[in-house]
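Undergrad: Please find protein36.cif (mmCIF, C-alpha atoms and all ligand atoms) on the next line:
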```
data_run
#
loop_
_atom_site.label_atom_id
_atom_site.label_comp_id
_atom_site.auth_asym_id
_atom_site.auth_seq_id
_atom_site.Cartn_x
_atom_site.Cartn_y
_atom_site.Cartn_z
CA MET A 233 -17.65 27.98 -1.74
CA LYS A 234 -15.98 24.67 -2.65
CA LYS A 235 -13.73 23.15 0.01
CA LEU A 236 -9.97 23.84 -0.26
CA VAL A 237 -7.85 20.68 -0.29
CA GLY A 238 -4.05 20.72 0.09
CA PHE A 239 -1.96 17.88 -1.33
CA VAL A 240 1.42 17.04 0.19
CA GLY A 241 3.55 14.17 -1.16
CA TRP A 242 1.77 14.09 -4.54
CA ARG A 243 5.12 13.46 -6.34
CA GLY A 244 5.92 10.17 -4.57
CA MET A 245 4.75 6.63 -5.42
CA VAL A 246 1.41 6.82 -3.60
CA GLY A 247 0.85 10.52 -4.28
CA SER A 248 1.40 10.25 -8.03
CA VAL A 249 -1.01 7.30 -8.29
CA LEU A 250 -3.54 9.26 -6.21
CA LEU A 251 -3.18 12.30 -8.47
CA ASN A 252 -3.69 10.10 -11.50
CA ARG A 253 -6.85 8.51 -10.06
CA LEU A 254 -8.29 11.89 -9.03
CA GLN A 255 -7.74 13.23 -12.55
CA LYS A 256 -9.11 10.15 -14.26
CA ASN A 257 -12.31 10.31 -12.20
CA ASN A 258 -12.68 14.09 -12.61
CA ASP A 259 -12.69 14.45 -8.82
CA PHE A 260 -10.88 17.81 -8.96
CA ALA A 261 -14.14 19.32 -10.26
CA ASN A 262 -15.62 18.96 -6.77
CA PHE A 263 -13.13 20.98 -4.70
CA ARG A 264 -10.42 23.66 -4.96
CA SER A 265 -6.87 22.37 -4.64
CA VAL A 266 -3.38 23.54 -3.81
CA PHE A 267 -0.14 21.53 -4.03
CA PHE A 268 2.76 21.55 -1.59
CA THR A 269 6.36 20.38 -1.62
CA THR A 270 9.10 19.70 0.89
CA SER A 271 11.91 20.07 -1.68
CA GLN A 272 10.87 21.52 -5.06
CA PHE A 273 10.26 25.14 -4.02
CA ASN A 274 9.45 27.58 -6.89
CA SER A 275 8.44 24.69 -9.16
CA VAL A 276 5.14 24.68 -10.99
CA SER A 277 2.11 22.92 -9.62
CA PRO A 278 0.38 20.09 -11.51
CA LYS A 279 -2.25 21.49 -13.86
CA VAL A 280 -5.60 20.29 -12.55
CA LEU A 281 -9.09 21.73 -12.51
CA ASN A 282 -9.79 24.28 -9.74
CA CYS A 283 -6.15 24.55 -8.65
CA ILE A 284 -5.79 27.93 -6.93
CA SER A 285 -2.01 28.35 -7.28
CA SER A 286 0.21 27.79 -10.31
CA ASN A 287 3.29 27.31 -8.07
CA LEU A 288 4.05 24.74 -5.40
CA GLU A 289 3.65 25.98 -1.84
CA ASP A 290 5.94 25.26 1.11
CA ALA A 291 4.72 22.11 2.92
CA TYR A 292 6.14 23.46 6.21
CA ASN A 293 4.19 26.73 6.06
CA ILE A 294 1.85 26.22 9.02
CA ASP A 295 0.13 29.60 8.46
CA TYR A 296 -0.97 28.41 5.02
CA LEU A 297 -1.80 24.83 6.03
CA ILE A 298 -4.07 26.04 8.81
CA THR A 299 -6.35 27.75 6.25
CA LEU A 300 -7.14 24.46 4.48
CA ASP A 301 -10.36 22.46 4.90
CA ILE A 302 -8.66 19.15 4.10
CA ILE A 303 -5.02 18.08 3.92
CA VAL A 304 -4.09 14.90 2.05
CA SER A 305 -0.56 13.78 2.93
CA CYS A 306 1.31 11.04 1.07
CA GLN A 307 4.62 12.46 2.25
CA GLY A 308 5.41 9.87 4.92
CA GLU A 309 5.56 9.39 8.65
CA LYS A 310 8.23 11.98 9.42
CA TYR A 311 6.21 14.79 7.83
CA THR A 312 2.99 13.74 9.59
CA ARG A 313 4.68 13.55 12.97
CA HIS A 314 6.12 17.03 12.48
CA ILE A 315 3.14 18.87 10.97
CA TYR A 316 -0.04 17.14 12.19
CA LEU A 317 0.73 17.68 15.87
CA LYS A 318 1.62 21.33 15.24
CA LEU A 319 -1.65 21.94 13.38
CA LYS A 320 -3.63 20.30 16.16
CA LYS A 321 -1.79 22.39 18.74
CA PHE A 322 -2.85 25.53 16.87
CA GLY A 323 -6.48 24.36 16.94
CA TRP A 324 -6.84 23.39 13.28
CA LYS A 325 -10.31 21.92 12.71
CA GLY A 326 -9.84 20.54 9.18
CA TYR A 327 -9.75 16.92 8.01
CA TRP A 328 -6.40 15.15 7.77
CA ILE A 329 -6.12 12.26 5.28
CA ASP A 330 -2.87 10.30 5.43
CA ALA A 331 -1.06 7.45 3.70
CA SER A 332 1.55 6.94 6.42
CA SER A 333 1.26 4.65 9.41
CA PHE A 334 1.98 7.27 12.09
CA LEU A 335 -1.66 7.96 13.08
CA ARG A 336 -3.24 4.59 12.21
CA MET A 337 -3.49 3.21 15.74
CA ASN A 338 -4.39 6.59 17.24
CA LYS A 339 -7.77 6.48 19.06
CA GLU A 340 -8.85 9.67 17.27
CA SER A 341 -8.33 8.20 13.80
CA ILE A 342 -10.08 5.73 11.53
CA ILE A 343 -8.23 3.42 9.15
CA VAL A 344 -10.16 3.77 5.91
CA LEU A 345 -11.13 0.92 3.59
CA ASP A 346 -14.74 1.66 2.76
CA PRO A 347 -15.67 -1.66 1.06
CA ILE A 348 -14.92 -3.16 4.49
CA ASN A 349 -15.70 -0.47 7.07
CA LEU A 350 -17.99 2.15 5.50
CA SER A 351 -20.34 2.10 8.49
CA SER A 352 -17.46 2.82 10.93
CA ILE A 353 -16.34 5.65 8.65
CA GLN A 354 -19.82 7.16 8.56
CA THR A 355 -20.27 6.83 12.32
CA GLY A 356 -16.85 8.41 12.80
CA ILE A 357 -17.69 11.40 10.59
CA ASN A 358 -20.98 11.90 12.45
CA ASN A 359 -19.09 11.76 15.76
CA GLY A 360 -16.62 14.43 14.67
CA ILE A 361 -13.60 12.29 13.76
CA LYS A 362 -11.21 14.41 11.67
CA THR A 363 -8.34 12.01 10.94
CA PHE A 364 -8.61 9.30 8.29
CA VAL A 365 -5.65 7.09 7.48
CA GLY A 366 -5.07 4.54 4.73
CA GLY A 367 -4.20 1.09 6.08
CA ASN A 368 -1.03 -0.90 5.60
CA CYS A 369 -0.92 -2.07 1.97
CA THR A 370 -0.93 -5.83 2.60
CA VAL A 371 -3.63 -5.46 5.26
CA SER A 372 -5.96 -3.59 2.90
CA LEU A 373 -5.29 -6.03 0.07
CA MET A 374 -5.88 -9.03 2.35
CA LEU A 375 -9.19 -7.59 3.52
CA MET A 376 -10.29 -6.92 -0.06
CA ALA A 377 -9.38 -10.50 -1.03
CA LEU A 378 -10.80 -12.29 2.02
CA GLY A 379 -13.61 -9.85 2.88
CA GLY A 380 -16.26 -12.54 2.26
CA LEU A 381 -14.73 -14.84 4.87
CA PHE A 382 -14.13 -12.06 7.41
CA SER A 383 -17.67 -10.67 7.07
CA HIS A 384 -19.19 -14.13 7.66
CA LYS A 385 -16.94 -14.55 10.73
CA LEU A 386 -15.44 -17.77 9.39
CA ILE A 387 -11.80 -17.12 10.27
CA ASP A 388 -10.08 -18.28 13.48
CA TRP A 389 -6.58 -17.16 12.49
CA ILE A 390 -4.33 -16.52 9.47
CA SER A 391 -0.69 -17.25 8.81
CA VAL A 392 0.62 -15.26 5.85
CA SER A 393 3.77 -14.99 3.78
CA THR A 394 4.01 -11.84 1.69
CA TYR A 395 5.84 -11.12 -1.57
CA GLN A 396 6.02 -7.31 -1.55
CA SER A 397 7.15 -5.27 -4.53
CA VAL A 398 9.90 -2.68 -4.40
CA SER A 399 7.55 0.28 -5.04
CA GLY A 400 6.10 -0.49 -1.61
CA SER A 401 9.31 0.97 -0.24
CA GLY A 402 8.96 4.26 -2.19
CA SER A 403 10.18 5.85 -5.40
CA LYS A 404 13.89 5.84 -4.42
CA SER A 405 13.85 2.07 -3.87
CA MET A 406 12.15 1.49 -7.19
CA LEU A 407 14.81 3.58 -8.95
CA GLU A 408 17.56 1.61 -7.17
CA LEU A 409 16.17 -1.71 -8.39
CA LEU A 410 16.00 -0.35 -11.95
CA GLU A 411 19.63 0.83 -11.58
CA GLN A 412 20.63 -2.67 -10.43
CA ILE A 413 18.96 -4.08 -13.55
CA GLY A 414 20.79 -1.59 -15.83
CA PHE A 415 24.17 -2.19 -14.14
CA VAL A 416 23.94 -5.98 -14.30
CA TYR A 417 22.70 -5.95 -17.90
CA LYS A 418 25.72 -3.85 -18.95
CA ASN A 419 28.00 -6.49 -17.40
CA ILE A 420 26.32 -9.59 -18.79
CA SER A 421 25.08 -8.40 -22.20
CA SER A 422 28.23 -9.46 -24.07
CA TYR A 423 28.00 -12.92 -22.47
CA LEU A 424 24.40 -13.28 -23.56
CA ILE A 425 25.23 -12.88 -27.26
CA SER A 426 28.31 -15.10 -27.11
CA SER A 427 27.51 -18.74 -27.78
CA LYS A 428 30.74 -19.92 -26.10
CA LYS A 429 29.99 -18.81 -22.52
CA SER A 430 28.62 -21.30 -20.04
CA ILE A 431 25.52 -20.53 -18.01
CA LEU A 432 27.51 -20.81 -14.78
CA GLU A 433 29.96 -18.16 -16.01
CA ILE A 434 27.06 -15.80 -16.70
CA GLU A 435 25.55 -16.53 -13.31
CA LYS A 436 28.90 -15.69 -11.69
CA VAL A 437 29.16 -12.33 -13.49
CA PHE A 438 25.55 -11.57 -12.49
CA THR A 439 26.17 -12.36 -8.81
CA ASN A 440 29.59 -10.65 -8.67
CA SER A 441 28.13 -7.50 -10.31
CA LEU A 442 25.41 -7.22 -7.69
CA ASN A 443 27.80 -7.96 -4.84
CA SER A 444 30.25 -5.28 -6.07
CA ILE A 445 27.76 -2.44 -5.41
CA ASN A 446 28.19 -0.49 -2.15
CA TYR A 447 24.75 -0.58 -0.51
CA SER A 448 25.58 1.35 2.66
CA GLU A 449 24.41 4.68 1.18
CA LYS A 450 21.44 3.13 -0.63
CA LYS A 451 17.84 2.90 0.49
CA ILE A 452 17.75 -0.84 -0.24
CA LYS A 453 20.57 -2.20 1.87
CA SER A 454 21.33 -5.30 -0.22
CA PRO A 455 20.89 -6.56 -3.78
CA LEU A 456 17.22 -7.06 -4.65
CA LEU A 457 17.54 -8.14 -8.27
CA GLY A 458 17.79 -11.94 -8.42
CA ASN A 459 17.27 -11.89 -4.68
CA LEU A 460 14.74 -11.30 -1.91
CA ILE A 461 14.79 -9.72 1.55
CA PRO A 462 12.72 -11.47 4.25
CA TRP A 463 12.58 -8.33 6.40
CA ILE A 464 10.40 -5.21 5.96
CA ASP A 465 10.45 -2.17 8.29
CA LYS A 466 12.00 -1.96 11.77
CA SER A 467 12.15 -4.74 14.31
CA ILE A 468 9.92 -4.78 17.33
CA ASP A 469 10.88 -6.52 20.53
CA ASN A 470 8.94 -9.79 20.05
CA GLY A 471 10.88 -10.94 16.96
CA GLN A 472 8.36 -9.56 14.49
CA THR A 473 9.07 -6.76 12.06
CA LYS A 474 6.75 -3.76 12.30
CA GLU A 475 5.21 -4.73 8.95
CA GLU A 476 4.30 -8.15 10.42
CA TRP A 477 2.92 -6.54 13.59
CA LYS A 478 0.64 -4.29 11.52
CA GLY A 479 -1.04 -7.35 9.97
CA SER A 480 -2.92 -8.24 13.13
CA VAL A 481 -3.43 -4.88 14.84
CA GLU A 482 -4.59 -2.94 11.79
CA THR A 483 -6.85 -5.72 10.49
CA ASN A 484 -8.59 -5.96 13.84
CA LYS A 485 -8.93 -2.17 14.14
CA ILE A 486 -10.54 -2.01 10.67
CA LEU A 487 -12.86 -4.95 11.38
CA ASN A 488 -13.78 -3.52 14.79
CA SER A 489 -15.28 -6.89 15.80
CA ASP A 490 -15.72 -8.39 19.28
CA LYS A 491 -13.42 -11.30 18.53
CA TYR A 492 -9.70 -10.60 17.94
CA ILE A 493 -8.37 -12.56 14.95
CA PRO A 494 -4.65 -13.41 15.28
CA ILE A 495 -2.66 -12.88 12.09
CA ASP A 496 1.09 -13.33 11.71
CA GLY A 497 3.70 -14.45 9.24
CA ILE A 498 6.81 -13.33 7.39
CA CYS A 499 6.89 -10.21 5.19
CA VAL A 500 9.28 -10.49 2.25
CA ARG A 501 10.51 -7.86 -0.23
CA VAL A 502 10.81 -9.31 -3.75
CA PRO A 503 12.05 -7.72 -6.98
CA SER A 504 8.66 -7.20 -8.60
CA LEU A 505 8.11 -3.51 -9.39
CA ARG A 506 4.49 -3.08 -8.41
CA CYS A 507 1.81 -5.20 -6.63
CA HIS A 508 2.05 -7.16 -3.42
CA SER A 509 1.25 -10.87 -3.37
CA GLN A 510 0.38 -12.95 -0.32
CA ALA A 511 0.15 -16.67 0.44
CA PHE A 512 -2.38 -17.41 3.19
CA THR A 513 -2.90 -20.36 5.50
CA ILE A 514 -6.34 -19.79 6.98
CA LYS A 515 -7.79 -21.68 9.94
CA LEU A 516 -11.56 -21.67 9.45
CA ASN A 517 -13.92 -22.21 12.35
CA CYS A 518 -16.04 -24.72 10.41
CA ASP A 519 -15.69 -27.12 7.50
CA ILE A 520 -17.34 -25.49 4.51
CA SER A 521 -16.99 -26.50 0.87
CA ILE A 522 -14.60 -24.83 -1.57
CA LYS A 523 -17.59 -23.94 -3.75
CA GLU A 524 -19.22 -22.09 -0.87
CA ILE A 525 -15.93 -20.40 0.06
CA GLU A 526 -15.43 -19.19 -3.53
CA SER A 527 -18.97 -17.88 -3.67
CA LEU A 528 -18.63 -15.97 -0.37
CA ILE A 529 -15.33 -14.47 -1.50
CA SER A 530 -16.46 -13.40 -4.95
CA SER A 531 -19.78 -11.91 -3.82
CA HIS A 532 -18.17 -9.66 -1.20
CA ASN A 533 -17.06 -6.82 -3.47
CA ILE A 534 -16.78 -6.10 -7.20
CA TRP A 535 -12.97 -6.00 -7.28
CA VAL A 536 -12.10 -9.42 -5.87
CA LYS A 537 -11.83 -12.09 -8.59
CA VAL A 538 -11.65 -15.80 -7.83
CA VAL A 539 -9.07 -17.49 -10.05
CA GLN A 540 -9.61 -21.17 -10.76
CA ASN A 541 -7.04 -23.47 -9.18
CA ASP A 542 -5.35 -24.63 -12.40
CA PHE A 543 -2.02 -23.83 -14.06
CA SER A 544 -3.32 -21.81 -16.99
CA SER A 545 -5.66 -19.59 -14.93
CA THR A 546 -2.91 -19.07 -12.34
CA ILE A 547 -0.16 -17.97 -14.71
CA ASN A 548 -2.53 -15.77 -16.70
CA HIS A 549 -4.44 -14.07 -13.90
CA LEU A 550 -2.56 -14.39 -10.62
CA ASN A 551 0.64 -12.40 -11.02
CA PRO A 552 1.91 -8.84 -10.39
CA LEU A 553 2.42 -7.89 -14.04
CA THR A 554 -1.19 -8.68 -14.97
CA VAL A 555 -2.63 -6.90 -11.96
CA SER A 556 -0.40 -3.76 -12.00
CA GLY A 557 -2.38 -0.58 -12.56
CA THR A 558 -5.77 -2.25 -12.01
CA LEU A 559 -8.16 -2.29 -9.06
CA ASP A 560 -8.68 -6.05 -9.42
CA VAL A 561 -7.74 -8.24 -6.48
CA PRO A 562 -7.43 -11.79 -7.83
CA ILE A 563 -7.34 -14.67 -5.38
CA GLY A 564 -6.51 -18.22 -6.41
CA ARG A 565 -4.80 -21.44 -5.29
CA ILE A 566 -7.87 -21.86 -3.05
CA LYS A 567 -7.75 -25.38 -1.66
CA LYS A 568 -8.25 -27.33 1.54
CA MET A 569 -4.88 -28.24 3.02
CA ASN A 570 -3.97 -31.80 3.89
CA ILE A 571 -3.47 -30.62 7.48
CA GLY A 572 -7.26 -30.80 8.05
CA LYS A 573 -10.67 -29.84 6.68
CA LYS A 574 -10.75 -26.46 8.39
CA TYR A 575 -7.40 -25.38 6.91
CA LEU A 576 -7.53 -23.39 3.71
CA SER A 577 -4.75 -22.09 1.50
CA ALA A 578 -5.09 -19.16 -0.91
CA PHE A 579 -2.85 -16.78 -2.83
CA SER A 580 -3.78 -13.24 -3.76
CA VAL A 581 -2.25 -10.35 -5.70
CA GLY A 582 -3.19 -6.68 -5.58
CA ASP A 583 -1.81 -3.33 -6.64
CA GLN A 584 -0.55 -1.93 -3.36
CA LEU A 585 -0.47 1.58 -4.82
CA LEU A 586 -4.19 1.40 -5.64
CA TRP A 587 -6.31 -0.56 -3.10
CA GLY A 588 -3.23 -0.79 -0.88
CA ALA A 589 -2.76 2.99 -0.68
CA ALA A 590 -4.18 5.64 -3.03
CA GLU A 591 -7.71 4.37 -3.69
CA PRO A 592 -8.99 4.33 -0.07
CA LEU A 593 -7.61 7.89 0.27
CA ARG A 594 -9.34 9.07 -2.91
CA ARG A 595 -12.60 7.53 -1.74
CA ILE A 596 -12.50 9.05 1.76
CA LEU A 597 -11.71 12.43 0.21
CA ASN A 598 -14.82 12.13 -1.95
CA ILE A 599 -16.91 11.01 1.04
CA LEU A 600 -15.76 14.05 3.05
CA ILE A 601 -16.33 16.42 0.13
CA SER A 602 -19.83 15.14 -0.47
P1 LIG A 701 7.99 8.15 -1.85
O1 LIG A 701 7.77 7.60 -3.20
O2 LIG A 701 9.34 7.97 -1.23
O3 LIG A 701 7.61 9.71 -1.87
C1 LIG A 701 7.66 10.53 -0.72
C2 LIG A 701 8.22 11.89 -1.09
O4 LIG A 701 9.59 11.77 -1.45
C3 LIG A 701 7.61 12.55 -2.30
O5 LIG A 701 6.37 13.11 -1.99
C4 LIG A 701 8.65 13.59 -2.65
O6 LIG A 701 8.43 14.75 -1.84
C5 LIG A 701 9.95 12.92 -2.22
N1 LIG A 701 10.81 12.47 -3.32
C6 LIG A 701 12.16 12.47 -3.26
N2 LIG A 701 12.67 11.98 -4.40
C7 LIG A 701 11.66 11.66 -5.22
C8 LIG A 701 11.59 11.12 -6.53
N3 LIG A 701 12.69 10.80 -7.24
N4 LIG A 701 10.37 10.89 -7.07
C9 LIG A 701 9.26 11.19 -6.37
N5 LIG A 701 9.29 11.72 -5.12
C10 LIG A 701 10.47 11.95 -4.53
O7 LIG A 701 6.98 7.53 -0.79
P2 LIG A 701 5.67 6.63 -1.01
O8 LIG A 701 6.06 5.25 -1.33
O9 LIG A 701 4.74 7.34 -1.92
O10 LIG A 701 5.08 6.59 0.47
C11 LIG A 701 4.44 7.72 1.08
C12 LIG A 701 3.78 7.24 2.37
O11 LIG A 701 2.77 6.27 2.05
C13 LIG A 701 4.74 6.52 3.33
O12 LIG A 701 4.40 6.86 4.65
C14 LIG A 701 4.48 5.05 3.08
O13 LIG A 701 4.78 4.26 4.19
C15 LIG A 701 2.99 5.07 2.79
N6 LIG A 701 2.54 3.95 1.96
C16 LIG A 701 3.26 3.61 0.85
C17 LIG A 701 2.81 2.55 0.07
C18 LIG A 701 3.57 2.15 -1.18
O14 LIG A 701 3.20 1.12 -1.76
N7 LIG A 701 4.59 2.87 -1.61
C19 LIG A 701 1.64 1.87 0.40
C20 LIG A 701 0.92 2.27 1.55
C21 LIG A 701 1.39 3.32 2.32
P3 LIG A 701 8.69 16.23 -2.37
O15 LIG A 701 7.95 16.38 -3.68
O16 LIG A 701 8.13 17.10 -1.30
O17 LIG A 701 10.17 16.30 -2.53
#
```
Show the structure stored in the file as structure tokens.

TA:
Amino acid sequence: MKKLVGFVGWRGMVGSVLLNRLQKNNDFANFRSVFFTTSQFNSVSPKVLNCISSNLEDAYNIDYLITLDIIVSCQGEKYTRHIYLKLKKFGWKGYWIDASSFLRMNKESIIVLDPINLSSIQTGINNGIKTFVGGNCTVSLMLMALGGLFSHKLIDWISVSTYQSVSGSGSKSMLELLEQIGFVYKNISSYLISSKKSILEIEKVFTNSLNSINYSEKKIKSPLLGNLIPWIDKSIDNGQTKEEWKGSVETNKILNSDKYIPIDGICVRVPSLRCHSQAFTIKLNCDISIKEIESLISSHNIWVKVVQNDFSSTINHLNPLTVSGTLDVPIGRIKKMNIGKKYLSAFSVGDQLLWGAAEPLRRILNILIS
């Protein structure tokens, strides 16, 4: 009989993109499925091939969960912490696939990004590993963009500044940014059609509107429209945020190489809706030509696309709006820095809901099914 796969968190940002990708690729033909919820009890299940229940099931029903061959959770860390440990305690032997960070650094789990670490994944499966976790979104997108340099062991260290979209913080945050846009537009629309108003007056109404909102009950704790927030996730005790800490530890776990590559920088939330962008300063361990660097990068995988370092190519191909909804990972602004010949700068963009979250999960599910 076909394996039974349970989906939890399929309604959220990552889960809905995953569902979409599974449908588009006809993956539901290969297994039976059942959908769970933590809040929409008695609602109908998505209509997909081989779905065994027309209604949503309770995501906290351990007796049901324990019968599943595979559980795919895009529900978040809190759910994983609560349910995964319980299932393990009851001796569940199924596969757990997760989008959240809770289990990433666990010894018994593999962070999945098969264009980078397929051999580790295969070895893990053969050795009985049961837990497969998607990596941090900027980590996965960085590895997809710079895979050619990592695989040729050319990198000493990386300093990175991220420009992370609001959907990276979940569906509620995305709705809040859209509400900010609607609220501000209502306040400034009359000014926009009046020819008498000065630009500074409009700017004042814009800023005052955003500052008049009470953010204490919101998920985003400050205005994001017309703004940015150079802080993502909780703080850890060395001055980094947890998002910044993940950059180094997760990359090195995925690469599983003998030499630890230090990576650090500042993670910044920006008001783009979808796609994370990153500016890299890369210290290479030798002086190799830009032509060679571009060739190594572009031959690493079929999704990375080198963008020529000129204005027209950059504005047309290296931005969140162009990349949203695609698996492409463009990388441009590739140049040697005037700091020295071994210092390289580059800028990349990628859809953090696809390669940064849902796609590695879809692909590990298919690997486990096959
Ligand atoms: P999310 O959009 O906040 O969704 C999580 C859950 O919130 C949903 O499954 C849904 O559960 C509930 N929910 C409440 N209100 C909702 C609404 N209006 N629309 C949709 N769902 C709503 O979270 P997410 O961004 O997908 O993240 C899930 C996990 O993946 C997190 O651990 C996150 O850290 C990780 N991750 C996220 C990204 C990203 O770019 N967003 C990237 C990599 C990893 P019920 O249906 O049960 O109510």

Undergrad: Write out as a list in words each polymer residue (protein, DNA or RNA) that has an atom no more than 6 Å from ligand LIG 701 (chain A), with all atoms listed in the file counted.

TA: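 Within the 6 Å cut-off, the matching residues are Gly241, Trp242, Arg243, Gly244, Met245, Val246, Gly247, Thr269, Thr270, Ser271, Gln272, Cys306, Gln307, Gly308, Glu309, Ala331, Ser332, Asn368, Cys369, Ser399, Gly400, Ser401, Gly402, Ser403, Lys404, Gln584, Leu585, Gly588 and Ala589 of chain A.
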
Undergrad: Store the residues picked out above in a file with C-alpha atoms, as a compact mmCIF listing (two decimals), in the frame of the given file.

TA:
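Written output follows (out.txt):
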```txt
# COMPACT_ATOMS: atom_id res chain seq x y z
CA GLY A 241 3.55 14.17 -1.16
CA TRP A 242 1.77 14.09 -4.54
CA ARG A 243 5.12 13.46 -6.34
CA GLY A 244 5.92 10.17 -4.57
CA MET A 245 4.75 6.63 -5.42
CA VAL A 246 1.41 6.82 -3.60
CA GLY A 247 0.85 10.52 -4.28
CA THR A 269 6.36 20.38 -1.62
CA THR A 270 9.10 19.70 0.89
CA SER A 271 11.91 20.07 -1.68
CA GLN A 272 10.87 21.52 -5.06
CA CYS A 306 1.31 11.04 1.07
CA GLN A 307 4.62 12.46 2.25
CA GLY A 308 5.41 9.87 4.92
CA GLU A 309 5.56 9.39 8.65
CA ALA A 331 -1.06 7.45 3.70
CA SER A 332 1.55 6.94 6.42
CA ASN A 368 -1.03 -0.90 5.60
CA CYS A 369 -0.92 -2.07 1.97
CA SER A 399 7.55 0.28 -5.04
CA GLY A 400 6.10 -0.49 -1.61
CA SER A 401 9.31 0.97 -0.24
CA GLY A 402 8.96 4.26 -2.19
CA SER A 403 10.18 5.85 -5.40
CA LYS A 404 13.89 5.84 -4.42
CA GLN A 584 -0.55 -1.93 -3.36
CA LEU A 585 -0.47 1.58 -4.82
CA GLY A 588 -3.23 -0.79 -0.88
CA ALA A 589 -2.76 2.99 -0.68
```

Undergrad: Do you have the atom CA of A:Ile343-atom CA of A:Lys478 distance handy?

TA: 12.0 Å

Undergrad: Write out as a PyMOL selection string each polymer residue whose atoms come within 12 Å of A:Lys466, counting only C-alpha atoms; drop sequence neighbours fewer than 2 positions from it.

TA: chain A and resi 463-464+468-478+499

Undergrad: For A:Arg501, please output as a list in words all residues within 7 Å (counting only C-alpha atoms; exclusion window: fewer than 2 positions along the same chain).

TA: Tyr395, Gln396, Ser397, Val398, Leu460, Ile461, Pro462, Trp463, Ile464, Cys499 and Pro503 of chain A

Undergrad: Fewer than 5 positions away in the same chain doesn't count, so skip those; otherwise give me all residues within 10 Å of stretch 573-579 of chain A, counting all atoms listed in the file, as an MDAnalysis selection string.

TA: chainID A and resid 374 377:378 386:394 509:522 525 539 541 546 550:551 562:568

Undergrad: Excluding same-chain residues fewer than 2 positions from A:Ser531, what lies within 12 Å of it counting only C-alpha atoms, as an NGL selection string?

TA: :A and (376-381 or 383-384 or 524-529 or 533-538)

Undergrad: To one decimal in Å, tell me the separation between atom CA of A:Ser248 and atom CA of A:Ser454.

TA: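 Atom-to-atom, atom CA of A:Ser248 and atom CA of A:Ser454 are spaced 26.5 Å apart.
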
Undergrad: Using Å and a single decimal, report how far atom CA of A:Val561 sits from atom CA of A:Gly582.

TA: 4.9 Å

Undergrad: Find the residue from A:Phe364, A:Tyr316, A:Phe382, A:Trp324 that sits nearest to A:Thr483; use only C-alpha atoms when measuring.

TA: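 Checking each candidate against A:Thr483, we get A:Phe382 as the closest.
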
Undergrad: Could you tell me which of A:Gln255, A:Ile302, A:Asp465, A:Tyr292 comes closest to A:Val280 if we count only C-alpha atoms?

TA: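 The answer is A:Gln255, which sits nearest to A:Val280.
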
Undergrad: May I have the centre and edge lengths, in Å to one decimal, of an axis-aligned box around the listed atoms of stretch 590-600 of chain A with 4 Å added to every side, as JSON?

TA:
```
{"center_x": -10.5, "center_y": 9.2, "center_z": -0.3, "size_x": 20.7, "size_y": 17.7, "size_z": 14.7}
```

Undergrad: Identify the residues around (-6.3, 19.1, 7.1) within a radius of 9 Å, measuring from only C-alpha atoms in the coordinates stated by the file, and give them as a PyMOL selection string.

TA: chain A and resi 237-238+297-305+316+319+324-329+362-363

Undergrad: Excluding same-chain residues fewer than 3 positions from A:Cys283, what lies within 8 Å of it counting only C-alpha atoms, as a VMD selection string?

TA: chain A and resid 264 to 266 279 to 280 286

Undergrad: Of the residues A:Ile596, A:Lys450, A:Leu409, A:Tyr417, which is the one nearest to A:Arg506, using all atoms listed in the file?

TA: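 Among the listed residues, A:Leu409 lies closest to A:Arg506.
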
Undergrad: Because some atoms of stretch 537-543 of chain A are absent here, can you restore N, CA, C and O atoms and send them as an mmCIF file, in the coordinates of the input?

TA:
```
data_model
loop_
_atom_site.group_PDB
_atom_site.id
_atom_site.type_symbol
_atom_site.label_atom_id
_atom_site.label_comp_id
_atom_site.auth_asym_id
_atom_site.auth_seq_id
_atom_site.Cartn_x
_atom_site.Cartn_y
_atom_site.Cartn_z
ATOM 1 N N LYS A 537 -11.543 -11.166 -7.491
ATOM 2 C CA LYS A 537 -11.830 -12.090 -8.590
ATOM 3 C C LYS A 537 -11.263 -13.465 -8.217
ATOM 4 O O LYS A 537 -10.046 -13.589 -8.010
ATOM 5 N N VAL A 538 -12.140 -14.457 -8.145
ATOM 6 C CA VAL A 538 -11.650 -15.800 -7.830
ATOM 7 C C VAL A 538 -11.028 -16.414 -9.086
ATOM 8 O O VAL A 538 -11.641 -16.425 -10.150
ATOM 9 N N VAL A 539 -9.798 -16.874 -8.941
ATOM 10 C CA VAL A 539 -9.070 -17.490 -10.050
ATOM 11 C C VAL A 539 -9.112 -19.008 -9.852
ATOM 12 O O VAL A 539 -8.803 -19.496 -8.754
ATOM 13 N N GLN A 540 -9.515 -19.715 -10.882
ATOM 14 C CA GLN A 540 -9.610 -21.170 -10.760
ATOM 15 C C GLN A 540 -8.253 -21.783 -10.437
ATOM 16 O O GLN A 540 -7.212 -21.292 -10.889
ATOM 17 N N ASN A 541 -8.284 -22.851 -9.658
ATOM 18 C CA ASN A 541 -7.040 -23.470 -9.180
ATOM 19 C C ASN A 541 -6.465 -24.419 -10.230
ATOM 20 O O ASN A 541 -6.438 -25.636 -10.043
ATOM 21 N N ASP A 542 -6.047 -23.831 -11.380
ATOM 22 C CA ASP A 542 -5.350 -24.630 -12.400
ATOM 23 C C ASP A 542 -4.191 -23.803 -12.953
ATOM 24 O O ASP A 542 -4.136 -22.581 -12.752
ATOM 25 N N PHE A 543 -3.264 -24.478 -13.621
ATOM 26 C CA PHE A 543 -2.020 -23.830 -14.060
ATOM 27 C C PHE A 543 -2.278 -22.645 -14.984
ATOM 28 O O PHE A 543 -1.762 -21.538 -14.787
#
```
